[in-house]
>>> print(open('query_2.cif').read())   # mmCIF, C-alpha atoms
data_target
loop_
_atom_site.label_atom_id
_atom_site.label_comp_id
_atom_site.auth_asym_id
_atom_site.auth_seq_id
_atom_site.Cartn_x
_atom_site.Cartn_y
_atom_site.Cartn_z
CA MET A 1 117.64 169.39 11.68
CA ILE A 2 118.22 166.06 13.41
CA PHE A 3 121.79 165.68 14.66
CA ARG A 4 122.95 162.82 16.87
CA GLN A 5 126.46 162.13 18.13
CA LEU A 6 126.93 158.49 19.15
CA PHE A 7 129.92 157.02 20.96
CA ASP A 8 131.68 153.66 20.95
CA SER A 9 133.61 153.51 24.22
CA VAL A 10 135.77 150.53 23.18
CA SER A 11 137.46 152.37 20.29
CA GLY A 12 136.72 155.96 21.36
CA THR A 13 134.85 156.50 18.07
CA TYR A 14 132.19 159.13 17.42
CA SER A 15 129.54 158.41 14.79
CA TYR A 16 127.08 161.04 13.59
CA VAL A 17 123.52 160.66 12.31
CA LEU A 18 122.22 163.59 10.24
CA ALA A 19 118.78 164.27 8.78
CA SER A 20 116.82 167.38 7.83
CA ARG A 21 113.52 166.18 9.37
CA PRO A 22 111.79 163.30 11.14
CA GLY A 23 110.46 160.86 8.52
CA GLY A 24 113.13 161.91 6.01
CA GLU A 25 116.41 160.64 4.63
CA ALA A 26 119.41 160.19 6.91
CA LEU A 27 123.17 159.91 6.61
CA ILE A 28 125.64 158.38 9.07
CA LEU A 29 129.34 159.21 9.39
CA ASP A 30 131.94 156.70 10.66
CA PRO A 31 129.66 153.89 11.91
CA VAL A 32 131.13 151.13 14.10
CA LEU A 33 130.14 147.50 13.39
CA GLU A 34 129.28 146.64 17.03
CA LYS A 35 126.91 149.59 17.27
CA VAL A 36 124.81 148.83 14.16
CA ASP A 37 121.86 147.55 16.25
CA ARG A 38 121.86 150.85 18.15
CA TYR A 39 121.92 152.92 14.94
CA CYS A 40 119.06 150.89 13.45
CA GLN A 41 117.02 151.32 16.63
CA LEU A 42 117.59 155.10 16.54
CA LEU A 43 116.63 155.26 12.85
CA ARG A 44 113.38 153.42 13.65
CA GLU A 45 112.63 155.66 16.64
CA LEU A 46 113.16 158.84 14.59
CA ASP A 47 111.39 157.36 11.54
CA LEU A 48 114.44 157.93 9.33
CA LYS A 49 115.48 156.17 6.12
CA LEU A 50 119.25 155.69 6.01
CA VAL A 51 120.40 156.43 2.45
CA LYS A 52 124.15 157.03 2.87
CA ALA A 53 126.83 155.64 5.20
CA VAL A 54 130.15 157.50 4.99
CA ASP A 55 133.60 156.64 6.34
CA THR A 56 136.01 159.57 6.61
CA HIS A 57 138.95 157.17 6.02
CA LEU A 58 139.98 153.52 6.34
CA HIS A 59 139.92 153.00 10.12
CA ALA A 60 142.56 151.01 11.99
CA ASP A 61 140.98 150.89 15.46
CA HIS A 62 137.54 149.45 14.76
CA VAL A 63 135.69 147.48 12.11
CA THR A 64 133.44 149.74 10.06
CA GLY A 65 129.66 149.38 10.11
CA LEU A 66 129.39 150.32 6.41
CA GLY A 67 128.83 146.81 5.02
CA GLU A 68 126.40 145.72 7.74
CA LEU A 69 124.34 148.93 7.42
CA ARG A 70 124.21 148.48 3.64
CA ASP A 71 123.00 144.89 4.05
CA ARG A 72 120.34 145.86 6.59
CA THR A 73 119.08 149.17 5.19
CA HIS A 74 120.14 149.04 1.50
CA CYS A 75 121.91 152.38 1.95
CA MET A 76 124.77 153.56 -0.25
CA THR A 77 128.33 153.32 1.07
CA VAL A 78 130.53 156.37 0.51
CA MET A 79 134.30 156.91 0.80
CA GLY A 80 136.99 159.01 -0.84
CA ASP A 81 138.57 158.31 -4.23
CA GLN A 82 141.82 157.06 -2.64
CA THR A 83 140.22 154.35 -0.52
CA LYS A 84 141.72 150.84 -0.52
CA ALA A 85 138.29 149.37 0.34
CA ASP A 86 137.29 146.89 -2.35
CA VAL A 87 133.94 148.32 -3.43
CA VAL A 88 132.08 151.32 -2.10
CA ALA A 89 128.95 152.44 -3.92
CA MET A 90 130.06 156.05 -4.34
CA ARG A 91 133.54 157.55 -4.29
CA VAL A 92 133.98 161.27 -3.72
CA ALA A 93 136.78 163.75 -4.34
CA ASP A 94 137.73 167.19 -3.07
CA GLY A 95 135.10 169.75 -4.03
CA ASP A 96 132.27 167.22 -4.44
CA LYS A 97 129.10 167.32 -2.36
CA VAL A 98 127.41 164.48 -0.48
CA THR A 99 123.70 165.18 -0.42
CA ILE A 100 120.59 163.73 1.13
CA GLU A 101 117.12 165.26 1.21
CA GLY A 102 117.49 168.73 2.75
CA LEU A 103 121.22 168.49 3.59
CA SER A 104 124.49 168.92 1.73
CA LEU A 105 128.05 168.22 2.91
CA ASP A 106 131.08 169.74 1.16
CA VAL A 107 133.83 167.18 0.59
CA MET A 108 137.36 168.24 1.66
CA TYR A 109 140.37 166.01 0.94
CA THR A 110 142.49 166.29 4.09
CA PRO A 111 145.22 163.60 3.88
CA GLY A 112 147.91 163.08 6.51
CA HIS A 113 146.52 160.67 9.10
CA THR A 114 146.02 158.31 6.14
CA ASP A 115 146.22 158.97 2.41
CA ASP A 116 142.44 158.53 2.11
CA SER A 117 141.39 160.94 4.90
CA TYR A 118 138.51 163.30 4.18
CA SER A 119 136.65 165.96 6.15
CA TYR A 120 133.03 166.98 5.56
CA LEU A 121 131.82 170.56 6.00
CA MET A 122 128.16 171.27 6.67
CA GLY A 123 127.33 174.91 7.34
CA ASP A 124 128.44 175.76 10.87
CA ARG A 125 130.21 172.45 11.56
CA VAL A 126 132.99 170.32 10.13
CA PHE A 127 133.45 166.58 10.59
CA THR A 128 137.22 166.17 10.65
CA GLY A 129 137.63 162.38 10.91
CA ASP A 130 141.05 161.75 12.46
CA THR A 131 142.73 164.72 10.78
CA LEU A 132 142.00 167.30 13.48
CA LEU A 133 141.06 166.04 16.95
CA ILE A 134 140.04 168.05 20.00
CA ARG A 135 143.35 169.30 21.44
CA GLY A 136 145.20 166.80 19.24
CA THR A 137 145.74 165.54 15.71
CA GLY A 138 145.57 162.07 14.19
CA ARG A 139 148.78 160.04 14.17
CA THR A 140 150.63 159.91 10.86
CA ASP A 141 152.88 156.86 11.27
CA PHE A 142 150.98 154.19 9.28
CA GLN A 143 148.63 153.66 6.28
CA ASN A 144 150.62 156.03 4.06
CA GLY A 145 150.30 158.76 6.66
CA SER A 146 152.32 161.94 6.22
CA SER A 147 152.96 164.66 8.79
CA ARG A 148 153.74 167.10 5.98
CA ALA A 149 150.42 166.36 4.23
CA GLN A 150 148.58 166.62 7.54
CA TYR A 151 150.16 170.01 8.29
CA GLU A 152 148.90 171.23 4.89
CA SER A 153 145.42 169.76 5.51
CA ILE A 154 145.12 171.38 8.93
CA PHE A 155 146.86 174.73 8.52
CA ASN A 156 145.93 175.46 4.90
CA ARG A 157 142.44 173.93 4.79
CA LEU A 158 140.71 173.35 8.14
CA LEU A 159 142.13 176.32 10.07
CA LYS A 160 141.08 178.62 7.21
CA LEU A 161 137.44 177.94 8.11
CA PRO A 162 135.68 180.59 10.26
CA ASP A 163 136.77 180.47 13.93
CA GLU A 164 133.21 179.73 15.11
CA THR A 165 132.97 176.56 12.95
CA MET A 166 132.25 173.62 15.27
CA VAL A 167 134.70 170.72 15.11
CA PHE A 168 133.29 167.19 15.39
CA PRO A 169 136.08 164.57 15.18
CA ALA A 170 135.82 160.82 14.62
CA HIS A 171 137.59 160.06 17.92
CA ASP A 172 138.16 161.37 21.40
CA TYR A 173 139.81 159.64 24.33
CA LYS A 174 139.25 162.27 27.05
CA GLY A 175 135.49 162.78 26.97
CA ASP A 176 135.41 165.98 24.88
CA THR A 177 132.54 166.03 22.39
CA VAL A 178 132.92 169.22 20.35
CA SER A 179 135.31 172.13 19.84
CA THR A 180 135.64 175.05 17.41
CA ILE A 181 138.29 176.01 14.87
CA GLY A 182 139.11 179.11 16.96
CA GLU A 183 139.55 177.06 20.14
CA GLU A 184 141.83 174.57 18.40
CA LYS A 185 143.98 177.38 16.97
CA ARG A 186 144.47 178.75 20.48
CA TYR A 187 144.60 175.69 22.71
CA ASN A 188 145.56 172.63 20.65
CA PRO A 189 149.17 171.93 21.73
CA ARG A 190 150.06 170.32 18.39
CA LEU A 191 149.09 173.47 16.49
CA GLN A 192 151.44 175.80 18.36
CA VAL A 193 154.30 175.03 15.95
CA ARG A 194 156.10 177.71 13.92
CA SER A 195 156.75 175.67 10.78
CA VAL A 196 155.94 172.47 8.90
CA ASP A 197 159.37 171.07 9.89
CA GLU A 198 158.62 171.65 13.56
CA TYR A 199 155.28 169.82 13.14
CA ILE A 200 156.98 166.88 11.37
CA GLU A 201 159.50 166.61 14.22
CA LEU A 202 156.76 166.77 16.88
CA MET A 203 154.77 163.99 15.16
CA ALA A 204 157.90 161.85 14.70
CA ASN A 205 158.52 161.81 18.45
CA LEU A 206 155.07 160.69 19.65
CA LYS A 207 156.19 157.02 20.00
CA LEU A 208 152.63 155.66 20.04
CA PRO A 209 151.82 151.93 20.20
CA ASN A 210 149.82 150.51 17.28
CA PRO A 211 146.02 150.49 17.73
CA LYS A 212 144.99 147.25 19.45
CA MET A 213 142.53 146.38 16.68
CA MET A 214 144.79 147.34 13.77
CA ASP A 215 145.62 143.83 12.47
CA VAL A 216 141.93 142.90 12.47
CA ALA A 217 140.32 146.22 11.51
CA VAL A 218 142.40 147.24 8.50
CA PRO A 219 141.95 143.97 6.51
CA ALA A 220 138.25 143.79 7.46
CA ASN A 221 137.66 147.40 6.46
CA MET A 222 139.18 146.78 3.03
CA HIS A 223 136.42 144.24 2.32
CA VAL A 224 133.10 146.05 2.62
CA GLY A 225 132.00 145.30 -0.95
CA LEU A 226 128.78 143.50 -1.78
CA HIS A 227 129.40 140.06 -3.24
CA GLN A 228 128.29 140.56 -6.82
CA GLU A 229 129.31 137.01 -7.88
CA GLU A 230 125.92 135.67 -6.74
CA LEU A 231 124.16 137.68 -9.44
CA GLU A 232 126.59 136.33 -12.01
CA LYS A 233 125.71 132.76 -11.04
CA GLU A 234 122.02 133.59 -11.40
CA GLY A 235 122.57 135.04 -14.89
CA ARG A 236 121.66 138.51 -13.68
CA ALA A 237 125.02 140.16 -14.38
CA LEU A 238 126.40 141.45 -17.67
CA SER A 239 130.09 142.11 -18.08
CA ALA A 240 130.99 145.57 -19.39
CA VAL A 241 131.92 143.98 -22.75
CA GLU A 242 128.50 142.27 -22.99
CA ALA A 243 126.78 145.51 -21.98
CA ILE A 244 128.60 147.47 -24.69
CA ARG A 245 127.23 144.98 -27.25
CA ILE A 246 123.60 145.49 -26.15
CA LEU A 247 123.79 149.31 -26.14
CA GLY A 248 120.89 150.65 -28.19
CA ARG A 249 119.03 147.32 -28.45
CA PRO A 250 115.26 147.95 -28.36
CA ASP A 251 114.55 145.03 -26.01
CA MET A 252 116.86 146.42 -23.29
CA LEU A 253 116.24 149.36 -20.97
CA LEU A 254 119.38 150.77 -19.36
CA VAL A 255 118.72 152.46 -16.00
CA ASP A 256 121.36 154.76 -14.50
CA LEU A 257 121.23 154.75 -10.68
CA ARG A 258 123.93 157.37 -10.14
CA GLU A 259 123.32 160.87 -8.84
CA THR A 260 123.26 163.85 -11.21
CA ASN A 261 126.69 165.13 -10.13
CA GLU A 262 128.25 161.68 -10.76
CA ARG A 263 126.74 161.58 -14.25
CA MET A 264 128.03 165.06 -15.08
CA LYS A 265 131.50 164.26 -13.79
CA HIS A 266 132.01 160.77 -15.23
CA GLY A 267 129.77 160.73 -18.32
CA MET A 268 126.53 159.01 -19.31
CA LEU A 269 125.45 155.98 -21.35
CA GLU A 270 123.42 156.99 -24.37
CA GLY A 271 119.70 156.31 -24.09
CA ALA A 272 119.80 155.34 -20.41
CA LEU A 273 116.92 156.27 -18.15
CA HIS A 274 117.97 158.16 -15.00
CA THR A 275 116.51 156.87 -11.74
CA PRO A 276 118.73 157.77 -8.73
CA TYR A 277 119.21 154.76 -6.47
CA PRO A 278 117.23 156.02 -3.41
CA SER A 279 114.05 156.21 -5.55
CA VAL A 280 114.35 152.72 -7.07
CA GLU A 281 112.20 150.81 -4.57
CA GLU A 282 109.33 153.26 -5.10
CA SER A 283 109.73 152.96 -8.88
CA LEU A 284 109.49 149.15 -8.74
CA LYS A 285 106.19 149.09 -6.80
CA PRO A 286 102.85 148.64 -8.62
CA GLY A 287 102.18 151.94 -10.39
CA GLY A 288 105.86 152.88 -10.21
CA MET A 289 107.55 154.12 -13.37
CA LEU A 290 110.05 151.29 -13.89
CA ARG A 291 107.46 148.61 -13.24
CA GLU A 292 105.00 150.22 -15.67
CA VAL A 293 107.64 150.65 -18.40
CA ALA A 294 108.79 147.03 -18.01
CA ALA A 295 105.21 145.76 -18.13
CA ALA A 296 104.18 147.93 -21.10
CA THR A 297 107.23 147.27 -23.27
CA GLY A 298 108.48 143.84 -22.15
CA ARG A 299 112.01 145.24 -22.14
CA ARG A 300 114.65 143.80 -19.84
CA ILE A 301 115.79 146.35 -17.26
CA VAL A 302 119.58 146.57 -16.96
CA PHE A 303 120.67 148.64 -13.96
CA PHE A 304 124.08 150.27 -13.68
CA CYS A 305 125.87 152.62 -11.27
CA ALA A 306 129.48 153.65 -10.54
CA PHE A 307 130.97 150.32 -9.39
CA GLY A 308 128.11 147.79 -9.45
CA GLU A 309 127.17 148.08 -5.78
CA ARG A 310 123.92 150.03 -6.09
CA SER A 311 122.89 148.13 -9.23
CA ALA A 312 123.35 144.78 -7.48
CA MET A 313 121.03 146.00 -4.71
CA ALA A 314 118.54 147.25 -7.32
CA VAL A 315 118.42 143.80 -8.97
CA ALA A 316 117.69 142.27 -5.53
CA ALA A 317 114.98 144.91 -4.91
CA ALA A 318 113.42 144.17 -8.31
CA LYS A 319 113.38 140.44 -7.55
CA ALA A 320 111.72 141.12 -4.17
CA ALA A 321 109.12 143.26 -6.00
CA GLY A 322 108.34 140.38 -8.37
CA LEU A 323 110.25 141.65 -11.40
CA SER A 324 112.52 138.84 -12.54
CA ASN A 325 113.62 140.15 -15.94
CA THR A 326 116.39 142.43 -14.66
CA ALA A 327 120.17 142.44 -14.63
CA HIS A 328 123.04 144.78 -13.86
CA ILE A 329 126.38 145.80 -15.37
CA ALA A 330 129.04 144.21 -13.15
CA GLY A 331 131.60 146.79 -12.06
CA GLY A 332 129.42 149.66 -13.29
CA VAL A 333 130.66 152.68 -15.24
CA ASP A 334 134.16 152.06 -13.88
CA ALA A 335 134.28 148.70 -15.73
CA TRP A 336 132.47 150.19 -18.76
CA LYS A 337 135.20 152.87 -19.12
CA LYS A 338 137.97 150.29 -18.76
CA ALA A 339 136.34 148.19 -21.51
CA GLY A 340 136.29 151.20 -23.84
CA GLY A 341 132.53 151.77 -23.69
CA PRO A 342 131.26 155.04 -25.21
CA LEU A 343 130.17 157.84 -22.87
CA VAL A 344 128.22 161.02 -23.50
CA HIS A 345 129.38 164.16 -21.66
#
>>> encode(input="query_2.cif", output="structure tokens")
Amino acid sequence: MIFRQLFDSVSGTYSYVLASRPGGEALILDPVLEKVDRYCQLLRELDLKLVKAVDTHLHADHVTGLGELRDRTHCMTVMGDQTKADVVAMRVADGDKVTIEGLSLDVMYTPGHTDDSYSYLMGDRVFTGDTLLIRGTGRTDFQNGSSRAQYESIFNRLLKLPDETMVFPAHDYKGDTVSTIGEEKRYNPRLQVRSVDEYIELMANLKLPNPKMMDVAVPANMHVGLHQEELEKEGRALSAVEAIRILGRPDMLLVDLRETNERMKHGMLEGALHTPYPSVEESLKPGGMLREVAAATGRRIVFFCAFGERSAMAVAAAKAAGLSNTAHIAGGVDAWKKAGGPLVH
């Protein structure tokens, strides 16, 4: 396995690049905007294709690299269901899995630092975001934080993991890079409390100044969405209502870019072809399935995904591959559901 821990000294942020092999798919956790050049260089050096960029929560101390990485690498952006970010390509909930070729991360909802804080468990290690830090815990005094919720997340979720589980947080300000659940149980001063009330009192008396970047970072991090209006102007976007009307038409080919677990969880559009987003570029090349089907049948390809992010990128990829007769469903299955579109479960 390829595992890289990268550090942004300005904000004290750790980002993590994961892949199962050189030449394979990669995932990055908590990227920082100013470090995107460095990540891209590393991906080139290790011959990796970035397919997912994940933020553990909406950060207040740095601007996320999610949008920039998506624009440069056409990767999918991933955050939790509760996120206030305008559009992320894939939203996950407790119990879901985030997968790339050869690797799978279990999604754990661990609110408290913020109400959209998640941790990600992968075998012998857990990425705890700002929920559990090395010899500390994330502050709970803004962004709908809750000391009570954080106590539950830490004591009833994270500390129930095996003691030898390695802890990789999103931040550290003292130079520590990794810990274990067992170490934190024994030596983390914030975890030596006897009750939830004692923890709430401890967190209430920290008297921390606001993060220096907070007023810039939070608004910026809420706007990572791809600007889908451009496709509308070009006539390459269908509203959910328009898409419902064309369902079943023989001259249209609906292509579902979501992953299998998303389809099972949220329902499917009848008659749609399933081509998960990471395989789209290959499918649009000469000899690729989508290109051949479009050429043989003359049907217009209409891409859709969860929120319109992946499908907008697929339309751009099709255009770059010389296929002009494509469109996407603006707002994806989310908009389709809101418009009353039928779904098959």
>>> residues_around(input="query_2.cif", residues="Ala220 (chain A)", least_positions_apart="6", cutoff="10 Å", atoms="only C-alpha atoms", output="list of chain:residue names")
A:Leu58, A:His59, A:Ala60, A:His62, A:Val63, A:Thr64, A:Ala85, A:Met214
>>> resolve_selection(input="query_2.cif", expression="the PyMOL selection byres ((chain A and resi 12-28) around 9)", output="PyMOL selection string")
chain A and resi 1-11+29-32+39+43+46-55+61-62+75+99-103+127+168-175+177
>>> atom_distance(input="query_2.cif", atom1="CA of Val224 (chain A)", atom2="CA of Gln82 (chain A)")
15.0 Å
>>> closest_residue(input="query_2.cif", among="A:Glu242, A:Glu234, A:Asp124, A:Glu152", to="Ser179 (chain A)", atoms="only C-alpha atoms")
A:Asp124
>>> atom_distance(input="query_2.cif", atom1="CA of Leu42 (chain A)", atom2="CA of Leu105 (chain A)")
21.6 Å
>>> closest_residue(input="query_2.cif", among="A:His345, A:Leu161, A:Val293, A:Met313", to="Thr180 (chain A)", atoms="only C-alpha atoms")
A:Leu161
>>> closest_residue(input="query_2.cif", among="A:Arg291, A:Lys97, A:Lys337, A:Lys207", to="Leu269 (chain A)", atoms="all atoms listed in the file")
A:Lys337
>>> closest_residue(input="query_2.cif", among="A:Arg148, A:Met108, A:Met122, A:Met213", to="Glu198 (chain A)", atoms="all atoms listed in the file")
A:Arg148
>>> residues_near_point(input="query_2.cif", point="(130.2, 149.1, -10.3)", cutoff="7 Å", atoms="only C-alpha atoms", output="JSON, numbers by chain")
{"A": [305, 306, 307, 308, 309, 330, 331, 332, 333, 334, 335]}
>>> write_last_selection(input="query_2.cif", atoms="C-alpha atoms", output="JSON list (two decimals), keeping the file's coordinate frame")
[["chain", "number", "residue", "atom", "x", "y", "z"],
["A", 305, "CYS", "CA", 125.87, 152.62, -11.27],
["A", 306, "ALA", "CA", 129.48, 153.65, -10.54],
["A", 307, "PHE", "CA", 130.97, 150.32, -9.39],
["A", 308, "GLY", "CA", 128.11, 147.79, -9.45],
["A", 309, "GLU", "CA", 127.17, 148.08, -5.78],
["A", 330, "ALA", "CA", 129.04, 144.21, -13.15],
["A", 331, "GLY", "CA", 131.60, 146.79, -12.06],
["A", 332, "GLY", "CA", 129.42, 149.66, -13.29],
["A", 333, "VAL", "CA", 130.66, 152.68, -15.24],
["A", 334, "ASP", "CA", 134.16, 152.06, -13.88],
["A", 335, "ALA", "CA", 134.28, 148.70, -15.73]]
>>> build_atoms(input="query_2.cif", residues="region 162-178 of chain A", atoms="N, CA, C and O atoms", output="mmCIF file, keeping the file's coordinate frame")
data_model
loop_
_atom_site.group_PDB
_atom_site.id
_atom_site.type_symbol
_atom_site.label_atom_id
_atom_site.label_comp_id
_atom_site.auth_asym_id
_atom_site.auth_seq_id
_atom_site.Cartn_x
_atom_site.Cartn_y
_atom_site.Cartn_z
ATOM 1 N N PRO A 162 135.981 179.586 9.227
ATOM 2 C CA PRO A 162 135.680 180.590 10.260
ATOM 3 C C PRO A 162 135.925 180.036 11.671
ATOM 4 O O PRO A 162 135.661 178.854 11.935
ATOM 5 N N ASP A 163 136.430 180.884 12.560
ATOM 6 C CA ASP A 163 136.770 180.470 13.930
ATOM 7 C C ASP A 163 135.607 179.817 14.667
ATOM 8 O O ASP A 163 135.806 178.937 15.509
ATOM 9 N N GLU A 164 134.378 180.256 14.366
ATOM 10 C CA GLU A 164 133.210 179.730 15.110
ATOM 11 C C GLU A 164 132.741 178.377 14.579
ATOM 12 O O GLU A 164 131.825 177.766 15.146
ATOM 13 N N THR A 165 133.358 177.875 13.496
ATOM 14 C CA THR A 165 132.970 176.560 12.950
ATOM 15 C C THR A 165 133.178 175.480 14.003
ATOM 16 O O THR A 165 134.270 175.342 14.569
ATOM 17 N N MET A 166 132.138 174.700 14.279
ATOM 18 C CA MET A 166 132.250 173.620 15.270
ATOM 19 C C MET A 166 133.027 172.450 14.688
ATOM 20 O O MET A 166 132.853 172.103 13.516
ATOM 21 N N VAL A 167 133.873 171.853 15.516
ATOM 22 C CA VAL A 167 134.700 170.720 15.110
ATOM 23 C C VAL A 167 134.167 169.442 15.752
ATOM 24 O O VAL A 167 134.122 169.338 16.984
ATOM 25 N N PHE A 168 133.754 168.495 14.910
ATOM 26 C CA PHE A 168 133.290 167.190 15.390
ATOM 27 C C PHE A 168 134.225 166.119 14.831
ATOM 28 O O PHE A 168 134.148 165.784 13.646
ATOM 29 N N PRO A 169 135.108 165.563 15.655
ATOM 30 C CA PRO A 169 136.080 164.570 15.180
ATOM 31 C C PRO A 169 135.493 163.155 15.187
ATOM 32 O O PRO A 169 134.392 162.920 15.706
ATOM 33 N N ALA A 170 136.252 162.218 14.609
ATOM 34 C CA ALA A 170 135.820 160.820 14.620
ATOM 35 C C ALA A 170 136.229 160.099 15.909
ATOM 36 O O ALA A 170 135.747 159.000 16.173
ATOM 37 N N HIS A 171 137.135 160.703 16.676
ATOM 38 C CA HIS A 171 137.590 160.060 17.920
ATOM 39 C C HIS A 171 137.829 161.085 19.014
ATOM 40 O O HIS A 171 138.162 162.233 18.737
ATOM 41 N N ASP A 172 137.670 160.621 20.237
ATOM 42 C CA ASP A 172 138.160 161.370 21.400
ATOM 43 C C ASP A 172 138.367 160.378 22.532
ATOM 44 O O ASP A 172 137.599 159.440 22.699
ATOM 45 N N TYR A 173 139.440 160.595 23.267
ATOM 46 C CA TYR A 173 139.810 159.640 24.330
ATOM 47 C C TYR A 173 139.728 160.282 25.710
ATOM 48 O O TYR A 173 140.060 159.671 26.702
ATOM 49 N N LYS A 174 139.281 161.549 25.767
ATOM 50 C CA LYS A 174 139.250 162.270 27.050
ATOM 51 C C LYS A 174 137.853 162.686 27.467
ATOM 52 O O LYS A 174 137.668 163.272 28.513
ATOM 53 N N GLY A 175 136.865 162.421 26.607
ATOM 54 C CA GLY A 175 135.490 162.780 26.970
ATOM 55 C C GLY A 175 135.018 164.090 26.364
ATOM 56 O O GLY A 175 133.890 164.517 26.623
ATOM 57 N N ASP A 176 135.858 164.761 25.550
ATOM 58 C CA ASP A 176 135.410 165.980 24.880
ATOM 59 C C ASP A 176 134.532 165.602 23.682
ATOM 60 O O ASP A 176 134.833 164.635 22.974
ATOM 61 N N THR A 177 133.491 166.383 23.451
ATOM 62 C CA THR A 177 132.540 166.030 22.390
ATOM 63 C C THR A 177 132.578 166.978 21.202
ATOM 64 O O THR A 177 132.230 166.588 20.094
ATOM 65 N N VAL A 178 132.934 168.236 21.425
ATOM 66 C CA VAL A 178 132.920 169.220 20.350
ATOM 67 C C VAL A 178 133.891 170.346 20.688
ATOM 68 O O VAL A 178 134.161 170.619 21.868
#
